Amino acid sequence: MPEIKIQQIEVPVSDGTKMTLHWAGPAGGRPGPGMIVFQEAFGVNSHIRDVVARFAAEGFWAAAPELFHRTAAHFEGSYTNFPAVAPHMQALTQGTLEADGRAAYDWLKSRPTVIPDKIGAIGFCLGGRAAFIANATLPLGAAISFYGGGIAPDLLPLAGRQYGPLLMFWGGLDQHIPPAKSRAVADALTQAGKNHVHVEFSDADHGFFCDERRQYQPNAAKEAWGLCLAFLKHRL
């Protein structure tokens with residue numbers, strides 16, 4: 001892996017709170033596109049930090065905002081203890097996700113090494129929903145959502161506001177997001193005339209991209225990562 005620089009920084013959010021960003025970029029400081037990496041429900045854990053590092057190795061400047069900063073500092077939940085995660089998820093609102101996305105975007109855009117008109121977002125599960133919201137509220141060059149829960153039906157009104165092209169991944173075995181909901185997202189985007197790509201891995205479950213979860217599906221994860229890089233290379 002190419003040498004990268006990894007740090008943390010605290011940034012202000014518009015509601016008066018402060019939020020930690022875990023970020024990484026090429027060690028040489030060369031300019032590149034920016035990526036907001038939105039966490040799963042389990043926090044900015046080792047998996048999300050690894051995604052940030054993988055983007056940095058590809059020449060991106062990537063930052064993962066700690067979305068639970070209002071209720072728990074530096075939260076990292078266990079994949080086997082969802083009840084401990086639920087209160088932090090329930091405390092989130094569309095407004096707080098918008099504000100946190102904006103804070104991460106503004107920080108990336110302010111960095112001299114980030115190409116200002118080439119900033120995208122990617123998110124997983126909860127973060128997939130956050131990426132959908134960010135793409136409706138920020139001038140992103142592209143957005144990627146992995147098995148974004150709660151987009152349908154709650155966020156379908158945002159389909160017509162999607163700014164950048166959208167790549168969405170779904171698991172065919174996902175019991176949390178049945179086919180009717182993923183189809184509803186695709187239909188809303190089509191009706192709104194928005195540029196989007198939907199990919200379903202028929203043999204993959206919710207969370208298939210994370211190699212720390214029992215649902216990890218290595219073939220789907222590898223293929224999805226390749227599609228992400230190809231999509232972003234073309235769009236950013």
# chains A, B, ... in the order shown; residues from 1 in each chain; ligands from 1
call {"tool": "residues_around", "arguments": {"residues": "Glu58 of chain A", "least_positions_apart": "2", "cutoff": "12 Å", "atoms": "only C-alpha atoms", "output": "number ranges by chain"}}
result
A: 1-4, 24-27, 30-35, 51-56, 60-62, 225-226, 228-230, 232-233
call {"tool": "residues_around", "arguments": {"residues": "segment 102-108 of chain A", "least_positions_apart": "6", "cutoff": "7 Å", "atoms": "only C-alpha atoms", "output": "compact mmCIF listing (two decimals) with N, CA and C atoms, in the first residue's frame"}}
result
# COMPACT_ATOMS: atom_id res chain seq x y z
N PRO A 12 -15.94 22.24 14.00
CA PRO A 12 -17.22 22.75 14.49
C PRO A 12 -18.37 22.36 13.58
N VAL A 13 -19.54 22.18 14.17
CA VAL A 13 -20.77 21.87 13.45
C VAL A 13 -21.72 23.04 13.66
N GLY A 34 -11.63 14.56 -2.77
CA GLY A 34 -12.00 14.33 -1.38
C GLY A 34 -13.15 13.34 -1.27
N ILE A 36 -16.03 11.93 1.74
CA ILE A 36 -16.61 11.79 3.07
C ILE A 36 -17.00 10.33 3.23
N PRO A 65 -16.62 11.33 9.55
CA PRO A 65 -17.16 12.07 10.70
C PRO A 65 -17.78 11.14 11.73
N VAL A 114 -7.07 19.22 -1.36
CA VAL A 114 -8.32 18.64 -1.89
C VAL A 114 -8.78 19.48 -3.08
call {"tool": "closest_residue", "arguments": {"among": "A:Phe75, A:Phe38, A:Phe124, A:Phe231", "to": "Pro165 of chain A", "atoms": "only C-alpha atoms"}}
result
A:Phe231
call {"tool": "residues_around", "arguments": {"residues": "segment 127-133 of chain A", "least_positions_apart": "4", "cutoff": "6 Å", "atoms": "only C-alpha atoms", "output": "list of chain:residue names"}}
result
A:Phe38, A:Gln39, A:Glu40, A:Ala121, A:Ile122, A:Gly123, A:Ser145, A:Phe146, A:Gly148, A:Ile151
call {"tool": "residues_around", "arguments": {"residues": "Gln7 of chain A", "least_positions_apart": "4", "cutoff": "9 Å", "atoms": "only C-alpha atoms", "output": "list of chain:residue names"}}
result
A:Leu21, A:His22, A:Trp23, A:Ala24
call {"tool": "residues_around", "arguments": {"residues": "Gln175 of chain A", "least_positions_apart": "5", "cutoff": "12 Å", "atoms": "only C-alpha atoms", "output": "MDAnalysis selection string"}}
result
chainID A and resid 147 149 170 180:182 204:207 215
call {"tool": "write_last_selection", "arguments": {"atoms": "C-alpha atoms", "output": "CSV table (one decimal), in the first residue's frame"}}
result
chain,number,residue,atom,x,y,z
A,147,TYR,CA,-27.4,-0.9,1.8
A,149,GLY,CA,-31.4,1.7,5.5
A,170,TRP,CA,-27.9,-3.8,-2.2
A,180,ALA,CA,-39.7,-3.5,-2.6
A,181,LYS,CA,-37.8,-0.8,-0.8
A,182,SER,CA,-34.7,-0.8,-3.0
A,204,ALA,CA,-25.0,-11.1,-0.3
A,205,ASP,CA,-26.6,-10.0,3.0
A,206,HIS,CA,-26.8,-6.7,4.8
A,207,GLY,CA,-23.3,-5.6,5.8
A,215,GLN,CA,-22.3,-11.3,6.8
call {"tool": "residues_around", "arguments": {"residues": "His198 of chain A", "least_positions_apart": "4", "cutoff": "7 Å", "atoms": "only C-alpha atoms", "output": "number ranges by chain"}}
result
A: 167-169
call {"tool": "decode", "arguments": {"residues": "segment 136-179 of chain A", "atoms": "N, CA and C atoms", "output": "short mmCIF file (atom, residue, chain, number, x, y, z; two decimals), in the first residue's frame"}}
result
data_model
loop_
_atom_site.label_atom_id
_atom_site.label_comp_id
_atom_site.auth_asym_id
_atom_site.auth_seq_id
_atom_site.Cartn_x
_atom_site.Cartn_y
_atom_site.Cartn_z
N ALA A 136 -28.06 15.24 -1.43
CA ALA A 136 -29.21 16.12 -1.67
C ALA A 136 -28.99 17.52 -1.10
N THR A 137 -27.96 17.68 -0.28
CA THR A 137 -27.77 18.96 0.39
C THR A 137 -26.41 19.60 0.11
N LEU A 138 -25.52 18.87 -0.54
CA LEU A 138 -24.18 19.37 -0.84
C LEU A 138 -23.89 19.19 -2.33
N PRO A 139 -23.06 20.05 -2.91
CA PRO A 139 -22.72 19.92 -4.34
C PRO A 139 -21.66 18.85 -4.58
N LEU A 140 -22.02 17.60 -4.30
CA LEU A 140 -21.06 16.50 -4.43
C LEU A 140 -20.86 16.12 -5.89
N GLY A 141 -19.65 15.64 -6.19
CA GLY A 141 -19.38 15.16 -7.54
C GLY A 141 -19.92 13.77 -7.78
N ALA A 142 -20.11 13.01 -6.71
CA ALA A 142 -20.64 11.64 -6.80
C ALA A 142 -20.94 11.16 -5.39
N ALA A 143 -21.82 10.17 -5.28
CA ALA A 143 -22.14 9.58 -3.99
C ALA A 143 -22.35 8.08 -4.15
N ILE A 144 -21.99 7.35 -3.11
CA ILE A 144 -22.13 5.89 -3.10
C ILE A 144 -22.81 5.48 -1.81
N SER A 145 -23.84 4.65 -1.92
CA SER A 145 -24.57 4.17 -0.75
C SER A 145 -24.57 2.65 -0.74
N PHE A 146 -24.04 2.06 0.34
CA PHE A 146 -24.10 0.62 0.55
C PHE A 146 -25.26 0.31 1.47
N TYR A 147 -26.22 -0.47 0.99
CA TYR A 147 -27.38 -0.94 1.76
C TYR A 147 -27.87 0.12 2.75
N GLY A 148 -28.25 1.27 2.17
CA GLY A 148 -28.70 2.39 2.98
C GLY A 148 -30.08 2.14 3.56
N GLY A 149 -30.16 1.95 4.85
CA GLY A 149 -31.45 1.72 5.49
C GLY A 149 -32.22 3.01 5.70
N GLY A 150 -33.52 2.95 5.56
CA GLY A 150 -34.37 4.09 5.84
C GLY A 150 -34.49 5.11 4.73
N ILE A 151 -33.90 4.83 3.57
CA ILE A 151 -34.07 5.75 2.44
C ILE A 151 -35.51 5.69 1.94
N ALA A 152 -36.00 4.46 1.82
CA ALA A 152 -37.40 4.26 1.46
C ALA A 152 -38.15 3.77 2.70
N PRO A 153 -39.27 4.43 3.02
CA PRO A 153 -39.91 5.51 2.26
C PRO A 153 -39.53 6.92 2.72
N ASP A 154 -38.85 7.03 3.86
CA ASP A 154 -38.72 8.32 4.53
C ASP A 154 -38.03 9.40 3.70
N LEU A 155 -36.99 9.02 2.95
CA LEU A 155 -36.18 10.02 2.25
C LEU A 155 -36.45 10.09 0.75
N LEU A 156 -37.47 9.40 0.29
CA LEU A 156 -37.76 9.43 -1.16
C LEU A 156 -38.02 10.84 -1.68
N PRO A 157 -38.57 11.76 -0.87
CA PRO A 157 -38.72 13.13 -1.37
C PRO A 157 -37.39 13.81 -1.74
N LEU A 158 -36.27 13.26 -1.25
CA LEU A 158 -34.97 13.84 -1.58
C LEU A 158 -34.44 13.33 -2.92
N ALA A 159 -35.12 12.39 -3.53
CA ALA A 159 -34.63 11.82 -4.80
C ALA A 159 -34.44 12.90 -5.85
N GLY A 160 -35.38 13.82 -5.92
CA GLY A 160 -35.29 14.87 -6.93
C GLY A 160 -34.23 15.91 -6.65
N ARG A 161 -33.62 15.87 -5.46
CA ARG A 161 -32.60 16.85 -5.10
C ARG A 161 -31.19 16.27 -5.16
N GLN A 162 -31.06 15.02 -5.61
CA GLN A 162 -29.72 14.42 -5.67
C GLN A 162 -28.84 15.21 -6.63
N TYR A 163 -27.68 15.59 -6.17
CA TYR A 163 -26.80 16.48 -6.93
C TYR A 163 -25.88 15.70 -7.88
N GLY A 164 -25.04 14.83 -7.32
CA GLY A 164 -24.11 14.07 -8.14
C GLY A 164 -24.67 12.71 -8.51
N PRO A 165 -24.06 12.05 -9.50
CA PRO A 165 -24.46 10.68 -9.84
C PRO A 165 -24.36 9.78 -8.61
N LEU A 166 -25.26 8.81 -8.54
CA LEU A 166 -25.39 7.98 -7.34
C LEU A 166 -25.21 6.51 -7.69
N LEU A 167 -24.32 5.84 -6.95
CA LEU A 167 -24.12 4.39 -7.07
C LEU A 167 -24.62 3.75 -5.80
N MET A 168 -25.54 2.78 -5.94
CA MET A 168 -26.14 2.15 -4.78
C MET A 168 -25.98 0.64 -4.83
N PHE A 169 -25.58 0.07 -3.68
CA PHE A 169 -25.39 -1.37 -3.57
C PHE A 169 -26.42 -1.96 -2.60
N TRP A 170 -26.93 -3.13 -2.98
CA TRP A 170 -27.91 -3.83 -2.16
C TRP A 170 -27.54 -5.31 -2.08
N GLY A 171 -27.96 -5.95 -1.00
CA GLY A 171 -27.77 -7.39 -0.85
C GLY A 171 -29.08 -8.12 -1.10
N GLY A 172 -29.05 -9.10 -1.97
CA GLY A 172 -30.26 -9.84 -2.29
C GLY A 172 -30.82 -10.63 -1.11
N LEU A 173 -29.97 -10.92 -0.11
CA LEU A 173 -30.41 -11.67 1.06
C LEU A 173 -30.72 -10.77 2.25
N ASP A 174 -30.72 -9.46 2.03
CA ASP A 174 -30.89 -8.50 3.11
C ASP A 174 -32.35 -8.49 3.59
N GLN A 175 -32.57 -8.95 4.82
CA GLN A 175 -33.91 -8.95 5.39
C GLN A 175 -34.31 -7.58 5.94
N HIS A 176 -33.31 -6.69 6.12
CA HIS A 176 -33.60 -5.36 6.66
C HIS A 176 -34.15 -4.43 5.57
N ILE A 177 -33.71 -4.66 4.34
CA ILE A 177 -34.15 -3.81 3.22
C ILE A 177 -34.71 -4.74 2.14
N PRO A 178 -35.99 -5.05 2.17
CA PRO A 178 -36.58 -5.96 1.18
C PRO A 178 -36.55 -5.33 -0.21
N PRO A 179 -36.69 -6.18 -1.24
CA PRO A 179 -36.62 -5.69 -2.62
C PRO A 179 -37.57 -4.54 -2.93
#
